[in-house]
Amino acid sequence: NMAKIANKNSKSIKVKTQKPLAKQVKPPVSKWIYFLFIGLAIILTYIAFAPSLKNGFVSWDDEGYLFENSYIINYGWNATKAIFSHIIMANYHPITIFVYATLHHLYKFTPYYYHLFNIVFHLFNVLLVFAFIYKISKKNLTIAFVTALLFGIHPLHVESVTWVSETKDVLYAFFFIIGLLCYMKYNDIKQKKIIFYLLSLLFFILSCLSKGMAVVFPLILVIIDFINDRKINIKSQLNKIPFFIIALLFGIIAIKAQATDKGIFDTSAFSLFDKIVLPAYGMLFYLYKMIFPLNLSIIYPYPVKTSSILPFEYLISPLILILLIGLVLYSLKYNRKIAFGSLFFFFCILPVLQIIPVGISIASDRYFYLSSIGLFYLIGYGFNYLIENKSKVKKYSKFIAFSLLIVITFILINLTRKRTLVWNNTITLWQDVIRYDPNIDKPYFNIGLQLDRNGNIDSAIVLYKKAIFYNPKNVKALNNLGNRMYDKRFYDSAFFYYTKLLAADSLYYPVYHNLGNIYDLRGNLDKAIEYYNKTILLKNDFALSYFMLGVCWNQKGDSIKSNNNYIRAAQLGNTDAQSILKSKNIKW
């Protein structure tokens with residue numbers, strides 16, 4: 001009897017030991033399947049963004065970064081030094097500006113090549129996202145593919161890829177992810193090679209030089225340690241100190257740069273409670289738009305308070321966010337994957353959650369570019385769970401997962417292709433903003449400006465007036481409307497709009513010159529001289545005001561003051577002043 005029992009036990013032991021071994025055996029993924037998935041993600045991404053190759057430039061930062069940027073037009077060593085030592089368009093991203101300079105040097109202002117550059121680097125980033133997630137997920141092909149695919153084709157990324165002025169997004173993400181891969185390589189090697197640590201540091205700096213949002217890089221290094229089950233303590237994180245120091249320096253530069261052009265939004269109308277609610281709403285906004293990427297816009301304005309209270313969807317945001325945080329914390333009982341994806345998203349989006357308000361929008365599609373990797377990783381993890389489901393409904397869950405992915409891919413590609421068409425030109429872009437919210441002044445001004453340049457003055461005037469209706473302090477609209485009234489010889493109307501502008505912004509230097517012109521026409525030379533001098537006080541290299549001072553002093557019979565002002569105007573490149581001085585044989 002004892003022998004029989006022993007035999008039974010031995011049999012049962014054999015059964016128990018064989019099952020786990022069978023579960024652990026996983027066929028290796030062949031290289032051709034690996035590259036097939038990468039190729040498929042890249043091809044589908046190209047299909048999604050190909051229409052943008054037919055787009056032009058738009059009057060939203062493209063002018064400031066390209067056409068009005070002397071640093072990119074005067075290509076050479078001196079211009080390159082200036083690029084790395086100057087803040088341009090309230091941002092410090094010299095590598096991005098250097099890319100513009102190189103593209104201009106090679107192709108002038110042909111928009112096709114600027115769009116092609118963005119698309120190519122976006123494709124590189126799809127490849128890098130695949131490699132990064134493949135490594136993070138312990139070589140899980142499903143998670144890597146789904147993450148890279150969604151990153152490649154999602155409509156929220158149209159702003160980052162199709163807008164020429166957002167070349168900085170595809171560049172900083174490119175260097176950022178390479179830096180992460182170098183850090184992971186450094187950690188993988190038992191005898192850690194310092195070269196990969198230094199390369200990680202180098203690519204982090206390059207990323208910061210492309211866009212200031214890269215300052216979160218050291219925080220991502222910490223959560224990489226976290227998901228790889230490394231101890232998170234002071235000793236283990238000492239190697240992050242150089243990264244945090246660099247992040248602090250670039251963070252200070254970014255804040256100071258934004259302040260140079262009134263980039264920091266005035267939120268004085270919002271209470272302390274409101275300023276807690278707004279970032280919470282911002283986080284949920286990106287989650288919502290990721291799932292339902294409809295009704296997108298380049299401007300999502302700050303909420304309007306009614307009876308000193310924010311709208312309900314804002315007030316409820318902190319509660320929803322607390323609930324989500326609770327779910328993430330609960331997930332730690334099982335694994336660190338959900339926490340990793342959530343923290344990746346949170347850390348990357350943190351600089352633009354309007355804790356320090358930047359720009360005129362409470363959220364922007366472009367801010368989702370790099371941060372989206374964390375959320376798409378979670379979706380990839382969900383798809384992988386369905387595919388590898390061990391329950392009785394495994395065959396159905398696999399079918400559901402594949403069908404769902406195909407449908408989602410088809411929908412997202414179509415939405416992305418349609419969204420790229422919005423960016424075709426200035427008018428299509430700003431008409432889309434009016435569709436989203438007709439109560440914003442900016443689109444009316446920008447469409448008016450484009451019509452103005454096309455010679456459609458009367459239509460431009462109508463739109464300038466609309467812009468002023470929605471924002472009486474839109475100084476550019478007031479100035480342009482005054483200029484058009486001046487051109488039509490409605491001098492009293494021009495004077496009216498110029499004085500309204502002066503009340504809105506006393507530091508807007510062009511208005512002083514324009515008022516000087518009106519006083520000059522009215523024969524009030526003393527007042528004209530006063531206003532031309534005020535222009536120069538605000539902008540001492542404004543050649544036209546020096547020239548007009550020369551004209552006024554000449555009319556007053558003071559040839560010395562007249563010639564001195566002509567000389568200064570000529571030195572600043574004013575050709576009319578140069579011609580007058582040549583006729584007088586005066587050198588400048």
# chains A, B, ... in the order shown; residues from 1 in each chain; ligands from 1

$ residues_around --residues "Ser371 of chain A" --least-positions-apart "6" --cutoff "6 Å" --atoms "only C-alpha atoms" --output "list of chain:residue names"
A:Phe345, A:Cys348, A:Ile349

$ select_by_dssp --residues "segment 8-173 of chain A" --states "alpha helix (DSSP H)" --output "mmCIF file with N, CA and C atoms, in the first residue's frame"
data_model
loop_
_atom_site.group_PDB
_atom_site.id
_atom_site.type_symbol
_atom_site.label_atom_id
_atom_site.label_comp_id
_atom_site.auth_asym_id
_atom_site.auth_seq_id
_atom_site.Cartn_x
_atom_site.Cartn_y
_atom_site.Cartn_z
ATOM 1 N N LYS A 8 1.848 7.049 -6.602
ATOM 2 C CA LYS A 8 0.867 8.099 -6.925
ATOM 3 C C LYS A 8 1.452 9.496 -6.733
ATOM 4 N N ASN A 9 2.194 9.661 -5.621
ATOM 5 C CA ASN A 9 2.810 10.961 -5.322
ATOM 6 C C ASN A 9 3.834 11.346 -6.369
ATOM 7 N N SER A 10 4.603 10.354 -6.762
ATOM 8 C CA SER A 10 5.636 10.647 -7.761
ATOM 9 C C SER A 10 5.023 11.069 -9.073
ATOM 10 N N LYS A 11 3.891 10.441 -9.417
ATOM 11 C CA LYS A 11 3.207 10.811 -10.658
ATOM 12 C C LYS A 11 2.687 12.251 -10.577
ATOM 13 N N SER A 12 2.112 12.540 -9.400
ATOM 14 C CA SER A 12 1.568 13.897 -9.244
ATOM 15 C C SER A 12 2.653 14.955 -9.277
ATOM 16 N N ILE A 13 3.814 14.612 -8.749
ATOM 17 C CA ILE A 13 4.938 15.551 -8.764
ATOM 18 C C ILE A 13 5.388 15.808 -10.187
ATOM 19 N N LYS A 14 5.394 14.760 -10.987
ATOM 20 C CA LYS A 14 5.815 14.909 -12.386
ATOM 21 C C LYS A 14 4.882 15.849 -13.144
ATOM 22 N N VAL A 15 3.596 15.708 -12.896
ATOM 23 C CA VAL A 15 2.609 16.546 -13.585
ATOM 24 C C VAL A 15 2.792 18.015 -13.213
ATOM 25 N N LYS A 16 3.060 18.271 -11.938
ATOM 26 C CA LYS A 16 3.209 19.648 -11.458
ATOM 27 C C LYS A 16 4.452 20.322 -12.008
ATOM 28 N N THR A 17 5.522 19.590 -12.158
ATOM 29 C CA THR A 17 6.768 20.199 -12.616
ATOM 30 C C THR A 17 6.791 20.401 -14.120
ATOM 31 N N GLN A 18 6.014 19.632 -14.850
ATOM 32 C CA GLN A 18 6.038 19.749 -16.308
ATOM 33 C C GLN A 18 5.259 20.974 -16.796
ATOM 34 N N LYS A 19 4.145 21.288 -16.112
ATOM 35 C CA LYS A 19 3.286 22.383 -16.572
ATOM 36 C C LYS A 19 3.978 23.739 -16.579
ATOM 37 N N PRO A 20 4.639 24.117 -15.461
ATOM 38 C CA PRO A 20 5.327 25.408 -15.473
ATOM 39 C C PRO A 20 6.402 25.485 -16.535
ATOM 40 N N LEU A 21 7.112 24.370 -16.763
ATOM 41 C CA LEU A 21 8.162 24.381 -17.786
ATOM 42 C C LEU A 21 7.567 24.639 -19.157
ATOM 43 N N ALA A 22 6.407 24.021 -19.417
ATOM 44 C CA ALA A 22 5.754 24.203 -20.712
ATOM 45 C C ALA A 22 5.316 25.650 -20.896
ATOM 46 N N LYS A 23 4.884 26.301 -19.796
ATOM 47 C CA LYS A 23 4.441 27.695 -19.873
ATOM 48 C C LYS A 23 5.596 28.640 -20.160
ATOM 49 N N GLN A 24 6.753 28.316 -19.656
ATOM 50 C CA GLN A 24 7.891 29.223 -19.761
ATOM 51 C C GLN A 24 8.535 29.191 -21.146
ATOM 52 N N LYS A 31 13.762 37.488 -36.822
ATOM 53 C CA LYS A 31 14.121 38.865 -37.178
ATOM 54 C C LYS A 31 13.220 39.431 -38.262
ATOM 55 N N TRP A 32 12.797 38.575 -39.190
ATOM 56 C CA TRP A 32 11.995 39.110 -40.296
ATOM 57 C C TRP A 32 10.626 39.580 -39.806
ATOM 58 N N ILE A 33 10.071 38.901 -38.762
ATOM 59 C CA ILE A 33 8.800 39.353 -38.182
ATOM 60 C C ILE A 33 9.010 40.682 -37.452
ATOM 61 N N TYR A 34 10.127 40.790 -36.752
ATOM 62 C CA TYR A 34 10.490 42.025 -36.038
ATOM 63 C C TYR A 34 10.546 43.200 -37.011
ATOM 64 N N PHE A 35 11.274 43.024 -38.104
ATOM 65 C CA PHE A 35 11.420 44.110 -39.081
ATOM 66 C C PHE A 35 10.136 44.333 -39.876
ATOM 67 N N LEU A 36 9.340 43.278 -40.023
ATOM 68 C CA LEU A 36 8.054 43.426 -40.706
ATOM 69 C C LEU A 36 7.146 44.370 -39.929
ATOM 70 N N PHE A 37 7.102 44.206 -38.617
ATOM 71 C CA PHE A 37 6.270 45.064 -37.772
ATOM 72 C C PHE A 37 6.784 46.500 -37.770
ATOM 73 N N ILE A 38 8.095 46.672 -37.711
ATOM 74 C CA ILE A 38 8.671 48.026 -37.774
ATOM 75 C C ILE A 38 8.314 48.683 -39.107
ATOM 76 N N GLY A 39 8.513 47.934 -40.185
ATOM 77 C CA GLY A 39 8.216 48.456 -41.524
ATOM 78 C C GLY A 39 6.755 48.827 -41.677
ATOM 79 N N LEU A 40 5.868 47.992 -41.127
ATOM 80 C CA LEU A 40 4.432 48.268 -41.221
ATOM 81 C C LEU A 40 4.075 49.555 -40.483
ATOM 82 N N ALA A 41 4.631 49.745 -39.292
ATOM 83 C CA ALA A 41 4.368 50.971 -38.518
ATOM 84 C C ALA A 41 4.851 52.205 -39.272
ATOM 85 N N ILE A 42 6.016 52.110 -39.901
ATOM 86 C CA ILE A 42 6.584 53.248 -40.629
ATOM 87 C C ILE A 42 5.773 53.551 -41.888
ATOM 88 N N ILE A 43 5.370 52.517 -42.617
ATOM 89 C CA ILE A 43 4.583 52.719 -43.847
ATOM 90 C C ILE A 43 3.235 53.360 -43.526
ATOM 91 N N LEU A 44 2.558 52.852 -42.511
ATOM 92 C CA LEU A 44 1.257 53.407 -42.132
ATOM 93 C C LEU A 44 1.389 54.853 -41.649
ATOM 94 N N THR A 45 2.478 55.147 -40.961
ATOM 95 C CA THR A 45 2.729 56.527 -40.511
ATOM 96 C C THR A 45 2.926 57.454 -41.705
ATOM 97 N N TYR A 46 3.693 56.993 -42.687
ATOM 98 C CA TYR A 46 3.919 57.820 -43.884
ATOM 99 C C TYR A 46 2.601 58.074 -44.615
ATOM 100 N N ILE A 47 1.774 57.035 -44.742
ATOM 101 C CA ILE A 47 0.473 57.188 -45.406
ATOM 102 C C ILE A 47 -0.359 58.252 -44.682
ATOM 103 N N ALA A 48 -0.303 58.247 -43.358
ATOM 104 C CA ALA A 48 -1.090 59.202 -42.567
ATOM 105 C C ALA A 48 -0.648 60.642 -42.794
ATOM 106 N N PHE A 49 0.665 60.863 -42.949
ATOM 107 C CA PHE A 49 1.191 62.234 -43.001
ATOM 108 C C PHE A 49 1.586 62.704 -44.398
ATOM 109 N N ASP A 62 5.742 80.722 -38.359
ATOM 110 C CA ASP A 62 6.608 80.402 -39.503
ATOM 111 C C ASP A 62 7.346 81.642 -39.994
ATOM 112 N N SER A 70 16.967 86.720 -39.604
ATOM 113 C CA SER A 70 18.222 87.010 -40.319
ATOM 114 C C SER A 70 19.277 85.944 -40.069
ATOM 115 N N TYR A 71 19.174 85.236 -38.935
ATOM 116 C CA TYR A 71 20.181 84.224 -38.599
ATOM 117 C C TYR A 71 20.143 83.036 -39.560
ATOM 118 N N ILE A 72 18.968 82.726 -40.106
ATOM 119 C CA ILE A 72 18.912 81.594 -41.039
ATOM 120 C C ILE A 72 19.174 82.034 -42.479
ATOM 121 N N ILE A 73 18.908 83.304 -42.753
ATOM 122 C CA ILE A 73 19.115 83.801 -44.124
ATOM 123 C C ILE A 73 20.599 84.022 -44.389
ATOM 124 N N TRP A 77 29.318 80.859 -40.385
ATOM 125 C CA TRP A 77 29.837 80.661 -39.035
ATOM 126 C C TRP A 77 29.341 81.730 -38.071
ATOM 127 N N ASN A 78 29.351 82.999 -38.510
ATOM 128 C CA ASN A 78 28.911 84.092 -37.631
ATOM 129 C C ASN A 78 27.436 83.950 -37.259
ATOM 130 N N ALA A 79 26.630 83.570 -38.251
ATOM 131 C CA ALA A 79 25.201 83.367 -37.988
ATOM 132 C C ALA A 79 24.982 82.196 -37.036
ATOM 133 N N THR A 80 25.787 81.147 -37.198
ATOM 134 C CA THR A 80 25.671 79.968 -36.320
ATOM 135 C C THR A 80 26.004 80.337 -34.881
ATOM 136 N N LYS A 81 27.051 81.140 -34.698
ATOM 137 C CA LYS A 81 27.403 81.593 -33.344
ATOM 138 C C LYS A 81 26.260 82.411 -32.748
ATOM 139 N N ALA A 82 25.658 83.247 -33.576
ATOM 140 C CA ALA A 82 24.542 84.078 -33.105
ATOM 141 C C ALA A 82 23.334 83.210 -32.736
ATOM 142 N N ILE A 83 23.098 82.162 -33.517
ATOM 143 C CA ILE A 83 21.980 81.248 -33.241
ATOM 144 C C ILE A 83 22.112 80.634 -31.853
ATOM 145 N N PHE A 84 23.342 80.255 -31.490
ATOM 146 C CA PHE A 84 23.562 79.589 -30.209
ATOM 147 C C PHE A 84 23.684 80.571 -29.037
ATOM 148 N N SER A 85 23.676 81.852 -29.332
ATOM 149 C CA SER A 85 23.825 82.841 -28.251
ATOM 150 C C SER A 85 22.625 83.778 -28.127
ATOM 151 N N PRO A 94 18.561 76.435 -30.247
ATOM 152 C CA PRO A 94 19.498 76.727 -31.340
ATOM 153 C C PRO A 94 19.644 75.614 -32.373
ATOM 154 N N ILE A 95 19.540 74.354 -31.967
ATOM 155 C CA ILE A 95 19.681 73.266 -32.948
ATOM 156 C C ILE A 95 18.541 73.323 -33.957
ATOM 157 N N THR A 96 17.338 73.605 -33.477
ATOM 158 C CA THR A 96 16.190 73.733 -34.381
ATOM 159 C C THR A 96 16.402 74.880 -35.365
ATOM 160 N N ILE A 97 16.873 76.016 -34.877
ATOM 161 C CA ILE A 97 17.125 77.169 -35.752
ATOM 162 C C ILE A 97 18.237 76.841 -36.748
ATOM 163 N N PHE A 98 19.245 76.115 -36.302
ATOM 164 C CA PHE A 98 20.332 75.718 -37.201
ATOM 165 C C PHE A 98 19.809 74.805 -38.314
ATOM 166 N N VAL A 99 18.861 73.944 -37.992
ATOM 167 C CA VAL A 99 18.233 73.091 -39.017
ATOM 168 C C VAL A 99 17.521 73.959 -40.046
ATOM 169 N N TYR A 100 16.775 74.975 -39.582
ATOM 170 C CA TYR A 100 16.113 75.897 -40.513
ATOM 171 C C TYR A 100 17.139 76.588 -41.410
ATOM 172 N N ALA A 101 18.244 77.010 -40.811
ATOM 173 C CA ALA A 101 19.294 77.698 -41.575
ATOM 174 C C ALA A 101 19.861 76.788 -42.655
ATOM 175 N N THR A 102 20.075 75.532 -42.312
ATOM 176 C CA THR A 102 20.621 74.569 -43.276
ATOM 177 C C THR A 102 19.618 74.292 -44.390
ATOM 178 N N LEU A 103 18.350 74.107 -44.031
ATOM 179 C CA LEU A 103 17.319 73.869 -45.045
ATOM 180 C C LEU A 103 17.185 75.071 -45.972
ATOM 181 N N HIS A 104 17.257 76.287 -45.396
ATOM 182 C CA HIS A 104 17.176 77.488 -46.234
ATOM 183 C C HIS A 104 18.381 77.593 -47.153
ATOM 184 N N HIS A 105 19.555 77.259 -46.630
ATOM 185 C CA HIS A 105 20.777 77.302 -47.433
ATOM 186 C C HIS A 105 20.678 76.356 -48.630
ATOM 187 N N LEU A 106 20.056 75.201 -48.422
ATOM 188 C CA LEU A 106 19.959 74.185 -49.478
ATOM 189 C C LEU A 106 18.767 74.408 -50.404
ATOM 190 N N TYR A 107 17.617 74.796 -49.829
ATOM 191 C CA TYR A 107 16.373 74.803 -50.611
ATOM 192 C C TYR A 107 15.614 76.129 -50.551
ATOM 193 N N PRO A 111 8.585 75.034 -49.272
ATOM 194 C CA PRO A 111 7.984 74.360 -48.108
ATOM 195 C C PRO A 111 8.072 72.839 -48.144
ATOM 196 N N TYR A 112 8.102 72.252 -49.334
ATOM 197 C CA TYR A 112 8.128 70.785 -49.456
ATOM 198 C C TYR A 112 9.249 70.177 -48.620
ATOM 199 N N TYR A 113 10.443 70.767 -48.676
ATOM 200 C CA TYR A 113 11.607 70.178 -48.003
ATOM 201 C C TYR A 113 11.522 70.331 -46.483
ATOM 202 N N TYR A 114 10.896 71.398 -46.023
ATOM 203 C CA TYR A 114 10.712 71.581 -44.581
ATOM 204 C C TYR A 114 9.720 70.540 -44.043
ATOM 205 N N HIS A 115 8.652 70.309 -44.811
ATOM 206 C CA HIS A 115 7.675 69.289 -44.409
ATOM 207 C C HIS A 115 8.276 67.888 -44.513
ATOM 208 N N LEU A 116 9.068 67.665 -45.549
ATOM 209 C CA LEU A 116 9.716 66.358 -45.715
ATOM 210 C C LEU A 116 10.644 66.068 -44.539
ATOM 211 N N PHE A 117 11.399 67.068 -44.120
ATOM 212 C CA PHE A 117 12.305 66.901 -42.975
ATOM 213 C C PHE A 117 11.521 66.463 -41.736
ATOM 214 N N ASN A 118 10.409 67.142 -41.465
ATOM 215 C CA ASN A 118 9.608 66.798 -40.286
ATOM 216 C C ASN A 118 9.067 65.374 -40.360
ATOM 217 N N ILE A 119 8.580 64.995 -41.540
ATOM 218 C CA ILE A 119 8.021 63.649 -41.691
ATOM 219 C C ILE A 119 9.103 62.592 -41.522
ATOM 220 N N VAL A 120 10.266 62.812 -42.130
ATOM 221 C CA VAL A 120 11.368 61.842 -42.026
ATOM 222 C C VAL A 120 11.771 61.653 -40.567
ATOM 223 N N PHE A 121 11.888 62.752 -39.829
ATOM 224 C CA PHE A 121 12.277 62.617 -38.421
ATOM 225 C C PHE A 121 11.157 62.007 -37.580
ATOM 226 N N HIS A 122 9.921 62.245 -37.969
ATOM 227 C CA HIS A 122 8.811 61.570 -37.281
ATOM 228 C C HIS A 122 8.893 60.061 -37.519
ATOM 229 N N LEU A 123 9.250 59.658 -38.724
ATOM 230 C CA LEU A 123 9.423 58.227 -39.024
ATOM 231 C C LEU A 123 10.577 57.642 -38.214
ATOM 232 N N PHE A 124 11.671 58.403 -38.099
ATOM 233 C CA PHE A 124 12.780 57.966 -37.236
ATOM 234 C C PHE A 124 12.284 57.754 -35.801
ATOM 235 N N ASN A 125 11.452 58.680 -35.349
ATOM 236 C CA ASN A 125 10.954 58.597 -33.975
ATOM 237 C C ASN A 125 10.050 57.381 -33.766
ATOM 238 N N VAL A 126 9.276 57.032 -34.791
ATOM 239 C CA VAL A 126 8.463 55.809 -34.715
ATOM 240 C C VAL A 126 9.369 54.598 -34.506
ATOM 241 N N LEU A 127 10.456 54.553 -35.259
ATOM 242 C CA LEU A 127 11.438 53.467 -35.116
ATOM 243 C C LEU A 127 12.048 53.454 -33.713
ATOM 244 N N LEU A 128 12.402 54.633 -33.219
ATOM 245 C CA LEU A 128 13.015 54.734 -31.888
ATOM 246 C C LEU A 128 12.031 54.353 -30.779
ATOM 247 N N VAL A 129 10.773 54.772 -30.928
ATOM 248 C CA VAL A 129 9.747 54.396 -29.948
ATOM 249 C C VAL A 129 9.594 52.878 -29.917
ATOM 250 N N PHE A 130 9.587 52.271 -31.100
ATOM 251 C CA PHE A 130 9.503 50.805 -31.187
ATOM 252 C C PHE A 130 10.660 50.164 -30.420
ATOM 253 N N ALA A 131 11.877 50.644 -30.677
ATOM 254 C CA ALA A 131 13.066 50.068 -30.028
ATOM 255 C C ALA A 131 13.021 50.279 -28.516
ATOM 256 N N PHE A 132 12.609 51.473 -28.094
ATOM 257 C CA PHE A 132 12.554 51.798 -26.662
ATOM 258 C C PHE A 132 11.540 50.915 -25.930
ATOM 259 N N ILE A 133 10.332 50.820 -26.477
ATOM 260 C CA ILE A 133 9.280 50.029 -25.821
ATOM 261 C C ILE A 133 9.592 48.535 -25.904
ATOM 262 N N TYR A 134 10.200 48.105 -26.991
ATOM 263 C CA TYR A 134 10.596 46.694 -27.121
ATOM 264 C C TYR A 134 11.550 46.317 -25.989
ATOM 265 N N LYS A 135 12.429 47.234 -25.661
ATOM 266 C CA LYS A 135 13.405 46.991 -24.593
ATOM 267 C C LYS A 135 12.754 47.090 -23.212
ATOM 268 N N ILE A 136 11.928 48.106 -23.014
ATOM 269 C CA ILE A 136 11.245 48.304 -21.730
ATOM 270 C C ILE A 136 10.313 47.129 -21.415
ATOM 271 N N LEU A 141 6.835 42.094 -28.603
ATOM 272 C CA LEU A 141 6.620 42.653 -29.938
ATOM 273 C C LEU A 141 5.265 43.353 -30.049
ATOM 274 N N THR A 142 4.251 42.799 -29.416
ATOM 275 C CA THR A 142 2.904 43.380 -29.496
ATOM 276 C C THR A 142 2.866 44.772 -28.880
ATOM 277 N N ILE A 143 3.397 44.891 -27.667
ATOM 278 C CA ILE A 143 3.387 46.193 -26.983
ATOM 279 C C ILE A 143 4.202 47.216 -27.770
ATOM 280 N N ALA A 144 5.368 46.806 -28.271
ATOM 281 C CA ALA A 144 6.230 47.720 -29.029
ATOM 282 C C ALA A 144 5.542 48.183 -30.306
ATOM 283 N N PHE A 145 4.907 47.254 -31.019
ATOM 284 C CA PHE A 145 4.258 47.597 -32.289
ATOM 285 C C PHE A 145 3.069 48.527 -32.074
ATOM 286 N N VAL A 146 2.199 48.190 -31.135
ATOM 287 C CA VAL A 146 1.003 49.009 -30.900
ATOM 288 C C VAL A 146 1.402 50.413 -30.450
ATOM 289 N N THR A 147 2.378 50.501 -29.560
ATOM 290 C CA THR A 147 2.835 51.817 -29.075
ATOM 291 C C THR A 147 3.399 52.653 -30.218
ATOM 292 N N ALA A 148 4.288 52.053 -31.013
ATOM 293 C CA ALA A 148 4.919 52.783 -32.123
ATOM 294 C C ALA A 148 3.895 53.175 -33.183
ATOM 295 N N LEU A 149 2.953 52.277 -33.463
ATOM 296 C CA LEU A 149 1.933 52.562 -34.477
ATOM 297 C C LEU A 149 1.055 53.731 -34.053
ATOM 298 N N LEU A 150 0.540 53.682 -32.833
ATOM 299 C CA LEU A 150 -0.318 54.770 -32.349
ATOM 300 C C LEU A 150 0.451 56.084 -32.277
ATOM 301 N N PHE A 151 1.702 56.019 -31.847
ATOM 302 C CA PHE A 151 2.551 57.217 -31.834
ATOM 303 C C PHE A 151 2.687 57.779 -33.248
ATOM 304 N N GLY A 152 2.799 56.912 -34.219
ATOM 305 C CA GLY A 152 3.019 57.351 -35.593
ATOM 306 C C GLY A 152 1.816 57.979 -36.252
ATOM 307 N N ILE A 153 0.612 57.448 -35.992
ATOM 308 C CA ILE A 153 -0.554 57.827 -36.807
ATOM 309 C C ILE A 153 -1.586 58.679 -36.068
ATOM 310 N N VAL A 158 -0.424 65.721 -35.467
ATOM 311 C CA VAL A 158 -0.376 66.496 -36.718
ATOM 312 C C VAL A 158 0.280 67.851 -36.484
ATOM 313 N N GLU A 159 -0.065 68.501 -35.395
ATOM 314 C CA GLU A 159 0.504 69.821 -35.105
ATOM 315 C C GLU A 159 2.023 69.756 -34.998
ATOM 316 N N SER A 160 2.544 68.714 -34.368
ATOM 317 C CA SER A 160 3.991 68.574 -34.182
ATOM 318 C C SER A 160 4.713 68.255 -35.482
ATOM 319 N N VAL A 161 4.071 67.504 -36.373
ATOM 320 C CA VAL A 161 4.743 67.014 -37.584
ATOM 321 C C VAL A 161 4.481 67.915 -38.788
ATOM 322 N N THR A 162 3.267 68.424 -38.917
ATOM 323 C CA THR A 162 2.877 69.173 -40.118
ATOM 324 C C THR A 162 3.208 70.658 -40.027
ATOM 325 N N THR A 167 9.220 71.900 -35.870
ATOM 326 C CA THR A 167 10.358 71.008 -36.123
ATOM 327 C C THR A 167 11.037 70.660 -34.805
ATOM 328 N N LYS A 168 10.970 71.575 -33.862
ATOM 329 C CA LYS A 168 11.596 71.332 -32.556
ATOM 330 C C LYS A 168 11.035 70.106 -31.856
ATOM 331 N N ASP A 169 9.765 69.777 -32.107
ATOM 332 C CA ASP A 169 9.175 68.597 -31.472
ATOM 333 C C ASP A 169 9.811 67.304 -31.965
ATOM 334 N N VAL A 170 9.886 67.158 -33.287
ATOM 335 C CA VAL A 170 10.441 65.908 -33.823
ATOM 336 C C VAL A 170 11.930 65.801 -33.522
ATOM 337 N N LEU A 171 12.607 66.951 -33.425
ATOM 338 C CA LEU A 171 14.043 66.938 -33.116
ATOM 339 C C LEU A 171 14.303 66.577 -31.656
ATOM 340 N N TYR A 172 13.606 67.243 -30.743
ATOM 341 C CA TYR A 172 13.903 66.988 -29.327
ATOM 342 C C TYR A 172 13.513 65.568 -28.936
ATOM 343 N N ALA A 173 12.420 65.058 -29.519
ATOM 344 C CA ALA A 173 12.014 63.678 -29.240
ATOM 345 C C ALA A 173 13.048 62.689 -29.774
#

$ closest_residue --among "A:Asn554, A:Thr420, A:Ser210, A:Thr260" --to "Asp432 of chain A" --atoms "only C-alpha atoms"
A:Thr420

$ atom_distance --atom1 "atom CA of Ile373 of chain A" --atom2 "atom CA of Met290 of chain A"
11.4 Å

$ residues_around --residues "Phe542 of chain A" --least-positions-apart "5" --cutoff "9 Å" --atoms "only C-alpha atoms" --output "PyMOL selection string"
chain A and resi 535-536+569+572

$ atom_distance --atom1 "atom CA of Gly326 of chain A" --atom2 "atom CA of Val277 of chain A"
17.9 Å
